[in-house]
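Novice: Right, I'll just put the structure down here and ask away after.
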There are 2 protein chains.
Amino acid sequence: MPDSEFAGAQVLITGGLGFIGSSLARRLVFAGADVTLIDSLVPEYGGNLFNINDFKDRVRVNISDVRDRHAMAHLLTGKDFLFNLAGQTSHHDSMTDPFTDLDINATSQLAILEACRHHNPGIRLVFASTRQVYGKPTYLPVDEHHPLRPVDINGIHKLAGESYHLLYNDVYGLKAAVLRLTNTYGPGMRVRDARQTFLGVWLRRLLEGAPLEIFGDGAQLRDFNYVDDAVSAFLVAAIDPRAEGQVFNLGGQEHVDLRTLAERLTSLEPGGRFELVPFPAARKAIDIGDYYGNYSKLQSTLGWTPRVTLAEGLAQSVDFYRRHRAHYW
Amino acid sequence: MPDSEFAGAQVLITGGLGFIGSSLARRLVFAGADVTLIDSLVPEYGGNLFNINDFKDRVRVNISDVRDRHAMAHLLTGKDFLFNLAGQTSHHDSMTDPFTDLDINATSQLAILEACRHHNPGIRLVFASTRQVYGKPTYLPVDEHHPLRPVDINGIHKLAGESYHLLYNDVYGLKAAVLRLTNTYGPGMRVRDARQTFLGVWLRRLLEGAPLEIFGDGAQLRDFNYVDDAVSAFLVAAIDPRAEGQVFNLGGQEHVDLRTLAERLTSLEPGGRFELVPFPAARKAIDIGDYYGNYSKLQSTLGWTPRVTLAEGLAQSVDFYRRHRAHYW
């Protein structure tokens, strides 16, 4: 799918100043789309104005909360595409403050879809969901038929968010696709803490000369997508009618254990090191064990495949934060 | 399991003036339990004071909304069991007013569980869920491994409600079981409209001499539980440790198509008749097609089996509403 299919398209991105949202915006802007970003800039979330620094004069930025129904209704009108990436992403925060997670990941999604239904029923949507909806895998790699038993509040609400999108697709004729993301990483990710993924904190500690902390024994398996690959999945899911009403896993070219990942990452920086630390109890309680995803449905249906190797992606990420740490620390 | 295991137990029932809640209360009161009922008496829901008329001096009734967090915290304290039946049950209403459904079936459930966690973490809970979480069956009979793809807002929120219970069981040590009910019927059901089940309206029309309306061709398959059988499932799921953290389908002895059901019901009343009418569009859009449940997990794990035949249950129901229509019309 050439990006040029989006030339001239009216595009709205919620969470548009966030890590993936801004990367998606960049691709769309350079493809000639007319892009509006919505972001609340809630400090605990991923929004960062520096994420759009290189194209800030070519997008419209609307600072507002997706919970603001009137603003959403106005902003949705006339749009061809809605990339719906706004969300609370921290599993841990969802347990300590479950009602905020409910508000943002469920209530707001319902409000957005009601607004689409009433103000723009022909819109095409892609919703950013998460592998967290599966909970602890009962088999690997996890495909879309895997049972859904979230192990944290965030997973429950992201599942509700998904379900709304599929329902409004089926009942009201909106055209919605759902992507279940795994660990996405790359330039623009939040590195202040582990609220997006632990890899963010690892990158920061690496460049600060501090040891990377691995919870537990480091044998845990994970897969990863470089942000460019995730962005490609959003684009293809938005444009291809075969995505409508469908759920797709993303997934990495390879899966690695956390110790191996730490070894690879620390090799990119002189003096890089890591250490094993006991699993904090509150995190262990909601840990999902090993996970890696089967993305063959996305590959066979929409032709998506991850292209950036983990080695290349990690190198790009380290390079980015070496140059731009002032804006992310 | 003898009901006497509940003798002296401190029991709280949300939705306690409703159809199933009040039937459960009756069993528990006569078993010697100390029972408190919470009900909001929202007119569109199932609460009806006449449902406890025969034992009203032997229960405590607290008229309040489960959304009232302070009341819930107080009422939960010191209880051994919480039967959690409060809910918005209308599929149709959930589509026209999705935020109220969210509020009652998701937000309130989260609030109840947070209250349990903070004020009574040792409590045993049983949550009344629904077969609606499955959506349109992809195979029959539907077991607990069936994919979850709700076709209405109510199904999405009931699934969130279930998930909260399982999560708080797994993470915080509350002891929670989930029952997925199918069509439950019998004395005390709402007959004013179809908000609980279409069988309610059918019973009312039968006794009014009006034709029962079947949407579509009447070939649709359904299963049914007489309320006493549903109550037995709640009791066994509350008392048996093997139910903790588990989800169980209920299901009927037999499944019948709606035309056959209408024939059986109309044969119970002189002049009883039915007619086929076109499916209203708004209902067709969220219809699940054929459904009947596989309850072998509940049978093999907890020894539950439905005991009341459909013929006997329908006869009991018609008899009840003949005598008590003044309180339900």
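Identifiers in the structure tokens: chain A, B, ... in order shown; residue index from 1 per chain; ligand index from 1 in order shown.
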Considering only C-alpha atoms, give me a table of residues in chain B that are at most 7 Å from chain A, with the closest atom pair and distance in Å for each, as a Markdown table.
Specialist:
| residue | atom | partner | partner_atom | distance |
| --- | --- | --- | --- | --- |
| B:Val151 | CA | A:Leu167 | CA | 6.0 |
| B:Asp152 | CA | A:Leu167 | CA | 6.7 |
| B:Ile156 | CA | A:Ala160 | CA | 6.1 |
| B:Ala160 | CA | A:Ile156 | CA | 6.1 |
| B:Ser163 | CA | A:Ile156 | CA | 6.5 |
| B:Leu167 | CA | A:Val151 | CA | 6.0 |
| B:Val171 | CA | A:Ala285 | CA | 5.9 |
| B:Ala285 | CA | A:Val171 | CA | 5.9 |
Novice: Next, write the just-selected residues to a file, as a PDB file, in the first residue's frame, keeping N, CA and C atoms as the atom set.
Specialist:
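Full text of result_16.pdb as output:
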ATOM      1  N   VAL B 151     -22.706  -8.484  20.844  1.00  0.00           N
ATOM      2  CA  VAL B 151     -23.343  -7.755  19.747  1.00  0.00           C
ATOM      3  C   VAL B 151     -24.175  -6.579  20.246  1.00  0.00           C
ATOM      4  N   ASP B 152     -24.077  -6.304  21.523  1.00  0.00           N
ATOM      5  CA  ASP B 152     -24.741  -5.095  22.013  1.00  0.00           C
ATOM      6  C   ASP B 152     -23.933  -4.516  23.173  1.00  0.00           C
ATOM      7  N   ILE B 156     -21.092  -5.992  26.178  1.00  0.00           N
ATOM      8  CA  ILE B 156     -19.741  -5.460  26.404  1.00  0.00           C
ATOM      9  C   ILE B 156     -19.542  -5.127  27.881  1.00  0.00           C
ATOM     10  N   ALA B 160     -17.187  -6.720  30.926  1.00  0.00           N
ATOM     11  CA  ALA B 160     -16.294  -5.959  31.804  1.00  0.00           C
ATOM     12  C   ALA B 160     -16.592  -6.289  33.266  1.00  0.00           C
ATOM     13  N   SER B 163     -15.127  -9.540  34.117  1.00  0.00           N
ATOM     14  CA  SER B 163     -13.666  -9.478  34.143  1.00  0.00           C
ATOM     15  C   SER B 163     -13.168  -8.848  35.435  1.00  0.00           C
ATOM     16  N   LEU B 167     -10.641 -10.662  37.983  1.00  0.00           N
ATOM     17  CA  LEU B 167      -9.386  -9.976  38.299  1.00  0.00           C
ATOM     18  C   LEU B 167      -9.221  -9.778  39.809  1.00  0.00           C
ATOM     19  N   VAL B 171      -6.130 -11.210  41.776  1.00  0.00           N
ATOM     20  CA  VAL B 171      -5.095 -10.289  42.257  1.00  0.00           C
ATOM     21  C   VAL B 171      -5.260  -9.951  43.745  1.00  0.00           C
ATOM     22  N   ALA B 285     -30.794  -5.914  14.528  1.00  0.00           N
ATOM     23  CA  ALA B 285     -29.382  -5.517  14.437  1.00  0.00           C
ATOM     24  C   ALA B 285     -28.550  -6.080  15.582  1.00  0.00           C
TER      25      ALA B 285
END
Novice: Would you give me, as a PyMOL selection string, the residues in region 279-326 of chain A that DSSP reads as helix (DSSP H, G or I)?
Specialist: chain A and resi 281-284+296-302+310-326
Novice: Can you pull out every residue within 12 Å of region 200-207 of chain A, counting only C-alpha atoms, but drop anything in the same chain fewer than 2 positions away, and send it as a PyMOL selection string?
Specialist: chain A and resi 19+46+183-198+209-215+258+261-275+314-329
Novice: Where does DSSP see strand (DSSP E) in region 178-247 of chain A, if you list the residues as a list in words?
Specialist: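 So, restricting region 178-247 of chain A to strand (DSSP E), we get Val178, Leu179, Arg180, Leu181, Asn183, Thr184, Tyr185, Leu212, Glu213, Ile214, Phe215, Leu221, Arg222, Asp223, Phe224, Asn225, Tyr226 and Val247 of chain A.
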Novice: Residues as selected, C-alpha atoms, written as an mmCIF file, in the first residue's frame, can you do that?
Specialist:
data_model
loop_
_atom_site.group_PDB
_atom_site.id
_atom_site.type_symbol
_atom_site.label_atom_id
_atom_site.label_comp_id
_atom_site.auth_asym_id
_atom_site.auth_seq_id
_atom_site.Cartn_x
_atom_site.Cartn_y
_atom_site.Cartn_z
ATOM 1 C CA VAL A 178 -8.716 -3.003 15.819
ATOM 2 C CA LEU A 179 -4.975 -3.528 16.179
ATOM 3 C CA ARG A 180 -3.595 -5.385 19.182
ATOM 4 C CA LEU A 181 -0.167 -3.899 19.674
ATOM 5 C CA ASN A 183 5.709 -3.692 22.844
ATOM 6 C CA THR A 184 6.215 -0.800 20.446
ATOM 7 C CA TYR A 185 9.459 1.137 20.745
ATOM 8 C CA LEU A 212 19.003 -1.632 33.409
ATOM 9 C CA GLU A 213 16.753 -3.453 35.856
ATOM 10 C CA ILE A 214 15.283 -6.777 34.863
ATOM 11 C CA PHE A 215 12.441 -7.940 37.091
ATOM 12 C CA LEU A 221 9.869 -13.802 26.456
ATOM 13 C CA ARG A 222 8.559 -10.731 24.656
ATOM 14 C CA ASP A 223 8.207 -9.458 21.106
ATOM 15 C CA PHE A 224 8.695 -5.927 19.848
ATOM 16 C CA ASN A 225 7.702 -3.664 16.992
ATOM 17 C CA TYR A 226 9.707 -0.711 15.867
ATOM 18 C CA VAL A 247 -9.096 -7.576 14.999
#
Novice: For a quick check of understanding, using only C-alpha atoms, which of A:Ala128, A:Ile38, A:Ala9, A:Ile112 has the smallest distance to Thr89 (chain A)?
Specialist: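 Smallest distance to Thr89 (chain A) is found for A:Ala128.
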Novice: Which residue, A:Ser4, A:Ser232, A:Ser40, A:Gln109, has the smallest gap to Ile20 (chain A) when you use only C-alpha atoms?
Specialist: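 Once distances to Ile20 (chain A) are computed over only C-alpha atoms, the minimum belongs to A:Ser232.
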Novice: Could you pull the residues within 10 Å of Gly21 (chain A), counting only C-alpha atoms, minus those fewer than 2 positions along the same chain, as a PyMOL selection string?
Specialist: chain A and resi 13-19+23-26+37-39+46-47+51-52+83-86+128+188+227+231+234
Novice: Using only C-alpha atoms, find the one residue out of B:Asn249, B:Gln10, B:Asn169, B:Ser22 that sits nearest to Val133 (chain B).
Specialist: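 Looking at the shortest contact to Val133 (chain B), the residue is B:Asn249.
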Novice: Contacts of Gln253 (chain A) at 10 Å or less, counting only C-alpha atoms, minus same-chain residues fewer than 2 places along, as number ranges by chain?
Specialist: A: 223-225, 251, 255, 293, 295, 305-310
Novice: Find the residues near Ala115 (chain B): any atom within 8 Å, counting only C-alpha atoms, skip ones fewer than 2 places away on the same chain, and give them as a list in words.
Specialist: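 Returned residues: Arg69, Met72, Ala73, Leu76, Ala111, Ile112, Leu113, Arg117, His118, His119 and Asn120 of chain B.
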Novice: What's the separation between CA of Leu125 (chain A) and CA of Phe81 (chain A), in Å to one decimal place?
Specialist: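 Separation between CA of Leu125 (chain A) and CA of Phe81 (chain A): 5.8 Å.
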